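Peer 1: One file is attached below, protein-v3.cif, containing mmCIF, C-alpha atoms.
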```
data_structure
loop_
_atom_site.label_atom_id
_atom_site.label_comp_id
_atom_site.auth_asym_id
_atom_site.auth_seq_id
_atom_site.Cartn_x
_atom_site.Cartn_y
_atom_site.Cartn_z
CA MET A 1 101.22 119.16 214.92
CA THR A 2 103.97 121.50 213.68
CA ILE A 3 107.68 120.71 213.38
CA LYS A 4 108.32 123.29 216.06
CA GLU A 5 106.12 121.43 218.55
CA ILE A 6 107.78 118.12 217.68
CA ALA A 7 111.22 119.71 218.02
CA GLU A 8 110.37 120.98 221.48
CA LYS A 9 108.89 117.71 222.71
CA LEU A 10 111.75 115.56 221.38
CA ASN A 11 114.55 117.99 222.15
CA LEU A 12 115.67 118.32 218.52
CA GLU A 13 118.32 120.77 217.47
CA VAL A 14 117.28 123.02 214.57
CA LYS A 15 120.07 123.36 212.00
CA ALA A 16 118.41 124.95 208.98
CA GLY A 17 115.10 126.23 207.67
CA ARG A 18 114.21 128.08 210.87
CA GLY A 19 111.59 130.12 209.05
CA SER A 20 109.56 127.06 208.08
CA LEU A 21 109.06 125.36 211.45
CA ASP A 22 105.36 126.16 211.57
CA ARG A 23 104.66 123.59 208.85
CA ASP A 24 102.09 120.99 209.73
CA VAL A 25 103.47 117.43 209.90
CA THR A 26 101.09 114.90 208.34
CA GLY A 27 103.22 111.78 208.80
CA GLY A 28 106.73 110.46 208.56
CA TYR A 29 109.06 108.18 206.66
CA THR A 30 112.33 106.65 207.78
CA GLY A 31 115.00 105.61 205.29
CA ASP A 32 118.45 106.16 203.87
CA LEU A 33 117.84 105.00 200.30
CA LEU A 34 116.86 108.06 198.32
CA SER A 35 114.83 106.17 195.72
CA ASP A 36 112.86 104.47 198.48
CA VAL A 37 112.08 107.83 200.05
CA MET A 38 111.20 109.31 196.65
CA ALA A 39 108.75 106.49 195.97
CA ASN A 40 107.15 106.03 199.36
CA SER A 41 107.13 109.26 201.33
CA LYS A 42 104.44 111.89 200.97
CA GLU A 43 103.93 115.62 201.09
CA GLY A 44 103.99 116.99 204.64
CA TYR A 45 106.03 114.09 206.03
CA LEU A 46 109.00 114.34 208.33
CA TRP A 47 111.88 112.37 206.83
CA VAL A 48 114.09 110.54 209.32
CA THR A 49 117.50 109.64 207.90
CA ARG A 50 121.22 109.42 208.55
CA GLN A 51 122.19 110.82 205.14
CA VAL A 52 123.85 114.20 205.61
CA HIS A 53 124.85 115.25 202.07
CA GLN A 54 123.14 117.99 200.12
CA ASN A 55 121.07 115.69 197.91
CA ILE A 56 118.67 115.12 200.82
CA VAL A 57 117.51 118.72 200.40
CA ALA A 58 116.52 118.13 196.76
CA VAL A 59 114.56 115.01 197.72
CA ALA A 60 112.76 116.76 200.60
CA SER A 61 112.02 119.77 198.43
CA LEU A 62 110.73 117.72 195.48
CA LYS A 63 108.55 115.63 197.80
CA GLU A 64 107.44 118.71 199.76
CA HIS A 65 108.39 117.15 203.06
CA ALA A 66 107.71 119.17 206.20
CA GLY A 67 111.37 118.66 207.12
CA ILE A 68 114.30 116.31 207.67
CA ILE A 69 115.50 114.88 210.98
CA LEU A 70 119.00 113.44 211.17
CA ILE A 71 119.51 110.63 213.66
CA ASN A 72 122.37 109.65 216.00
CA SER A 73 123.57 113.26 216.20
CA CYS A 74 124.68 113.09 212.54
CA GLN A 75 125.71 116.55 211.38
CA PRO A 76 124.64 117.95 208.01
CA THR A 77 127.43 119.20 205.72
CA LYS A 78 127.91 122.94 205.20
CA GLU A 79 126.56 122.63 201.64
CA THR A 80 123.50 120.81 202.94
CA LEU A 81 122.75 123.60 205.41
CA GLU A 82 123.21 126.31 202.79
CA LYS A 83 120.96 124.55 200.33
CA ALA A 84 118.34 123.84 203.01
CA ASP A 85 118.16 127.50 203.98
CA ILE A 86 117.75 128.51 200.33
CA GLU A 87 115.09 125.87 199.69
CA LYS A 88 113.43 126.55 203.07
CA VAL A 89 113.70 122.91 204.15
CA PRO A 90 113.98 122.53 207.94
CA ILE A 91 116.81 120.23 209.06
CA LEU A 92 116.85 119.07 212.66
CA VAL A 93 119.16 116.73 214.56
CA SER A 94 118.32 114.14 217.20
CA ASP A 95 120.69 112.13 219.36
CA LEU A 96 118.38 109.11 219.14
CA PRO A 97 118.75 106.20 216.69
CA ALA A 98 116.20 105.90 213.86
CA PHE A 99 114.02 103.27 215.53
CA GLU A 100 113.52 105.20 218.75
CA LEU A 101 113.08 108.56 217.08
CA SER A 102 110.55 107.22 214.57
CA GLY A 103 108.59 105.57 217.40
CA LYS A 104 108.42 108.79 219.37
CA ILE A 105 107.34 110.83 216.34
CA TYR A 106 104.72 108.22 215.50
CA ASN A 107 103.32 108.42 219.04
CA LEU A 108 103.18 112.20 218.93
CA LEU A 109 101.34 112.18 215.61
CA THR A 110 98.84 109.46 216.50
CA THR A 111 98.10 110.21 220.15
CA LYS A 112 95.24 112.63 220.54
CA SER A 113 96.07 115.36 223.03
CA MET B 114 129.78 94.52 171.42
CA GLN B 115 126.14 94.61 172.48
CA LYS B 116 123.50 95.55 170.03
CA GLU B 117 121.08 98.31 170.74
CA SER B 118 118.29 97.04 172.90
CA SER B 119 114.95 98.49 173.63
CA VAL B 120 112.08 97.65 175.92
CA ALA B 121 108.74 99.40 176.17
CA TYR B 122 106.49 99.06 179.15
CA LYS B 123 102.84 99.78 179.77
CA LYS B 124 101.81 100.40 176.21
CA LEU B 125 98.73 102.53 176.11
CA THR B 126 96.50 103.63 173.33
CA PRO B 127 97.93 106.71 171.63
CA VAL B 128 96.40 110.03 172.45
CA GLY B 129 94.79 112.01 169.68
CA GLU B 130 96.64 114.49 167.56
CA ALA B 131 96.15 118.22 167.48
CA ASN B 132 97.21 118.77 171.08
CA HIS B 133 99.01 122.05 171.03
CA ASN B 134 101.94 122.43 173.37
CA LEU B 135 101.58 124.26 176.65
CA TYR B 136 105.30 124.09 177.24
CA SER B 137 108.39 122.83 175.49
CA GLY B 138 111.95 123.16 176.75
CA THR B 139 115.29 121.44 177.28
CA PHE B 140 117.63 121.12 180.26
CA HIS B 141 121.23 119.96 180.55
CA ILE B 142 122.50 117.53 183.17
CA GLU B 143 126.19 117.35 184.03
CA GLY B 144 127.37 113.79 184.64
CA GLY B 145 129.20 113.13 187.89
CA ASN B 146 128.16 116.38 189.55
CA PHE B 147 126.18 115.36 192.61
CA ASN B 148 126.25 118.93 193.90
CA SER B 149 123.72 120.05 191.33
CA ALA B 150 121.79 116.76 191.15
CA GLY B 151 118.07 117.43 191.38
CA MET B 152 118.15 120.93 189.90
CA VAL B 153 116.60 119.89 186.58
CA SER B 154 113.82 117.98 188.35
CA THR B 155 113.20 120.96 190.60
CA SER B 156 112.87 123.22 187.52
CA ILE B 157 110.50 120.77 185.84
CA LYS B 158 108.36 120.61 188.95
CA SER B 159 108.15 124.42 189.17
CA ILE B 160 107.19 124.69 185.49
CA LEU B 161 104.45 122.08 185.82
CA LYS B 162 103.08 123.81 188.92
CA GLU B 163 103.02 127.14 187.12
CA LEU B 164 101.14 125.55 184.23
CA GLY B 165 98.49 124.46 186.71
CA ILE B 166 99.07 120.74 186.21
CA PRO B 167 97.28 118.75 188.99
CA GLY B 168 99.35 118.05 192.10
CA ASP B 169 99.46 114.26 191.80
CA ILE B 170 100.70 114.51 188.20
CA VAL B 171 103.35 117.04 189.26
CA ARG B 172 104.50 114.73 192.05
CA ARG B 173 104.77 111.76 189.69
CA ALA B 174 106.68 113.83 187.14
CA ALA B 175 109.03 114.97 189.92
CA ILE B 176 109.81 111.36 190.90
CA VAL B 177 110.30 110.26 187.30
CA SER B 178 112.53 113.17 186.35
CA TYR B 179 114.54 112.96 189.57
CA GLU B 180 115.35 109.28 189.10
CA ALA B 181 116.33 109.83 185.47
CA GLU B 182 118.45 112.81 186.45
CA ILE B 183 120.25 110.84 189.17
CA ASN B 184 121.00 108.06 186.68
CA VAL B 185 122.66 110.54 184.33
CA VAL B 186 124.65 112.11 187.18
CA SER B 187 125.68 108.67 188.47
CA TYR B 188 126.70 107.00 185.23
CA ALA B 189 126.85 109.27 182.20
CA LYS B 190 129.04 112.10 180.90
CA LYS B 191 126.09 114.35 180.26
CA GLY B 192 122.42 114.29 179.50
CA LEU B 193 119.75 116.32 177.78
CA VAL B 194 116.22 116.45 179.16
CA THR B 195 113.31 117.53 177.00
CA LEU B 196 110.06 118.49 178.66
CA LEU B 197 106.97 118.78 176.53
CA VAL B 198 103.57 119.48 178.01
CA ASP B 199 100.41 119.44 175.96
CA ALA B 200 96.73 119.45 176.81
CA GLY B 201 96.69 115.73 177.60
CA SER B 202 100.12 114.74 178.82
CA VAL B 203 103.48 115.51 180.36
CA ASN B 204 106.31 114.09 178.21
CA ILE B 205 109.82 113.78 179.61
CA GLU B 206 112.71 112.53 177.51
CA VAL B 207 116.21 111.99 178.84
CA LYS B 208 119.02 111.23 176.44
CA ASP B 209 122.51 110.69 177.79
CA GLU B 210 126.01 110.16 176.53
CA GLY B 211 127.24 107.36 178.70
CA PRO B 212 128.21 103.72 178.98
CA GLY B 213 124.76 102.43 178.03
CA ILE B 214 122.99 99.45 179.59
CA PRO B 215 124.07 96.01 178.29
CA ASN B 216 121.00 94.18 179.58
CA ILE B 217 117.87 96.27 180.03
CA GLU B 218 115.76 93.39 181.40
CA LEU B 219 118.31 92.94 184.17
CA ALA B 220 118.57 96.68 184.84
CA MET B 221 114.78 96.84 185.18
CA GLN B 222 114.83 94.28 188.00
CA GLU B 223 114.28 95.92 191.36
CA GLY B 224 117.47 95.74 193.41
CA TYR B 225 119.82 95.19 190.46
CA SER B 226 122.50 97.85 190.42
CA THR B 227 125.98 98.44 189.06
CA ALA B 228 126.58 101.47 191.30
CA ASP B 229 129.94 101.80 193.00
CA GLN B 230 130.48 102.22 196.73
CA ARG B 231 130.65 106.02 196.59
CA ILE B 232 127.24 106.25 194.93
CA ARG B 233 125.73 103.72 197.34
CA GLU B 234 127.05 105.51 200.41
CA MET B 235 125.02 108.54 199.42
CA GLY B 236 121.89 106.41 199.34
CA PHE B 237 121.71 106.13 195.55
CA GLY B 238 122.28 103.04 193.45
CA ALA B 239 119.81 100.81 195.27
CA GLY B 240 118.47 99.41 192.03
CA MET B 241 115.14 101.19 192.38
CA GLY B 242 115.46 104.11 189.98
CA LEU B 243 114.25 102.56 186.74
CA CYS B 244 111.48 100.74 188.63
CA ASN B 245 110.31 104.02 190.11
CA ILE B 246 110.32 105.57 186.65
CA LYS B 247 108.29 102.69 185.24
CA ASN B 248 105.84 102.68 188.15
CA TYR B 249 105.16 106.41 188.11
CA SER B 250 104.88 106.80 184.31
CA ASP B 251 101.86 105.86 182.24
CA LEU B 252 104.18 105.02 179.38
CA PHE B 253 107.85 104.24 179.67
CA HIS B 254 110.25 103.42 176.87
CA ILE B 255 113.95 102.73 177.24
CA GLU B 256 116.60 102.31 174.58
CA SER B 257 120.28 101.86 175.20
CA GLU B 258 123.40 101.26 173.21
CA VAL B 259 126.55 100.12 174.96
CA GLY B 260 129.32 102.68 174.60
CA LYS B 261 126.94 105.39 173.38
CA GLY B 262 124.20 106.09 175.84
CA THR B 263 120.67 105.61 177.07
CA HIS B 264 117.44 107.22 175.95
CA LEU B 265 114.37 107.26 178.18
CA LYS B 266 110.91 108.44 177.21
CA MET B 267 108.24 108.87 179.83
CA ILE B 268 104.66 110.01 179.44
CA ILE B 269 102.26 110.86 182.23
CA TYR B 270 98.73 111.55 181.09
CA THR B 271 96.86 114.43 182.62
CA PRO B 272 93.16 114.04 183.39
#
```
Could I get this file's structure written as structure tokens?

Peer 2:
Amino acid sequence: MTIKEIAEKLNLEVKAGRGSLDRDVTGGYTGDLLSDVMANSKEGYLWVTRQVHQNIVAVASLKEHAGIILINSCQPTKETLEKADIEKVPILVSDLPAFELSGKIYNLLTTKS
Amino acid sequence: MQKESSVAYKKLTPVGEANHNLYSGTFHIEGGNFNSAGMVSTSIKSILKELGIPGDIVRRAAIVSYEAEINVVSYAKKGLVTLLVDAGSVNIEVKDEGPGIPNIELAMQEGYSTADQRIREMGFGAGMGLCNIKNYSDLFHIESEVGKGTHLKMIIYTP
């Protein structure tokens, strides 16, 4: 399933990286500690977090995440958006808290259509 | 005043000589500048990819270099990273001018951190960085002198 499909189903707002929404999502990881995400997330994952500063782009880029979803309507900083567009890292925003959003993404990725 | 302390982890048998270098270069890290944090690791990752290093090795090197870079940005005045790639290994050295680590054994414990609130709010300083470096390197060596700085050496062997 692509990020675009997930964004449509979960009503996510696309903030950056619009050109990379056709990436295939292979899984997800939820966390706000950057070292935890560095160690435990994988390539192709969607990263669910409430961190909004520009360092999230470096982590997502280094780990080759499919994209980042910010929870609770958290808004990325201007620098984060600029960096994300340069690095082609999609950033999306959800109004849901991390638990609910992660559950919905998990269901989408594991339920065969 | 603390003496210099040094701990080596995961000692492996040394690789043979006569490996000629595929790449050798240095990178500067500016302490305290979180805006550019991750740029050195991103460069290292690109270089390794271009050299055709296998993906899992590149990913491990990215984690190791990122954590070391964040440590320099978080605590030190500046740091110098040396990347050396030969036929059998990826070698990353990070030498900083900073406060040094008084007790390396303690610093190596997962969850132990001296990070201030500002660093923690950004999601750094969880006490996982050095553990990640150790876990994702085949060989990890750390030396530190209080008041001078810290010197990390990491080797990841390529198949």

Peer 1: Could you please select, counting all atoms listed in the file, the residues of chain B within 9 Å of chain A and state them as a list in words?

Peer 2: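 Within 9 Å of chain A on chain B, we get Phe147, Asn148, Ser149, Ala150, Gly151, Met152, Ser154, Thr155, Lys158, Arg172, Ala175, Ile176, Tyr179, Glu180, Arg233, Glu234, Met235, Gly236, Phe237, Gly238, Ala239, Gly240, Met241, Gly242, Asn245 and Tyr249 of chain B.
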
Peer 1: Which residues, written as a ChimeraX atom specification, have at least one atom at most 12 Å from Thr110 of chain A, with only C-alpha atoms counted and residues fewer than 4 positions away on the same chain left out?

Peer 2: /A:1,25-28,103-106

Peer 1: Restricting the output to C-alpha atoms, write the selected residues as a compact mmCIF listing (two decimals), in the frame of the given file.

Peer 2:
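What follows is the written file part.txt:
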```
# COMPACT_ATOMS: atom_id res chain seq x y z
CA MET A 1 101.22 119.16 214.92
CA VAL A 25 103.47 117.43 209.90
CA THR A 26 101.09 114.90 208.34
CA GLY A 27 103.22 111.78 208.80
CA GLY A 28 106.73 110.46 208.56
CA GLY A 103 108.59 105.57 217.40
CA LYS A 104 108.42 108.79 219.37
CA ILE A 105 107.34 110.83 216.34
CA TYR A 106 104.72 108.22 215.50
```

Peer 1: I'd like the interatomic distance between atom CA of Lys190 of chain B and atom CA of Thr227 of chain B, to a tenth of an Å.

Peer 2: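 It comes out at 16.2 Å.
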
Peer 1: Mind checking which residues fall within 8 Å of segment 90-96 of chain A, counting all atoms listed in the file, ignoring those fewer than 3 positions away in the same chain, and posting them as a PyMOL selection string?

Peer 2: chain A and resi 7+10-18+20-21+66-75+81+84-85+100-101

Peer 1: Could you give me, as a list in words, the residues within 7 Å of Ile269 of chain B, counting all atoms listed in the file and dropping anything in the same chain fewer than 5 positions from it?

Peer 2: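 Using all atoms listed in the file, the neighbours found are Ser202, Val203, Asn204, Ser250, Asp251 and Leu252 of chain B.
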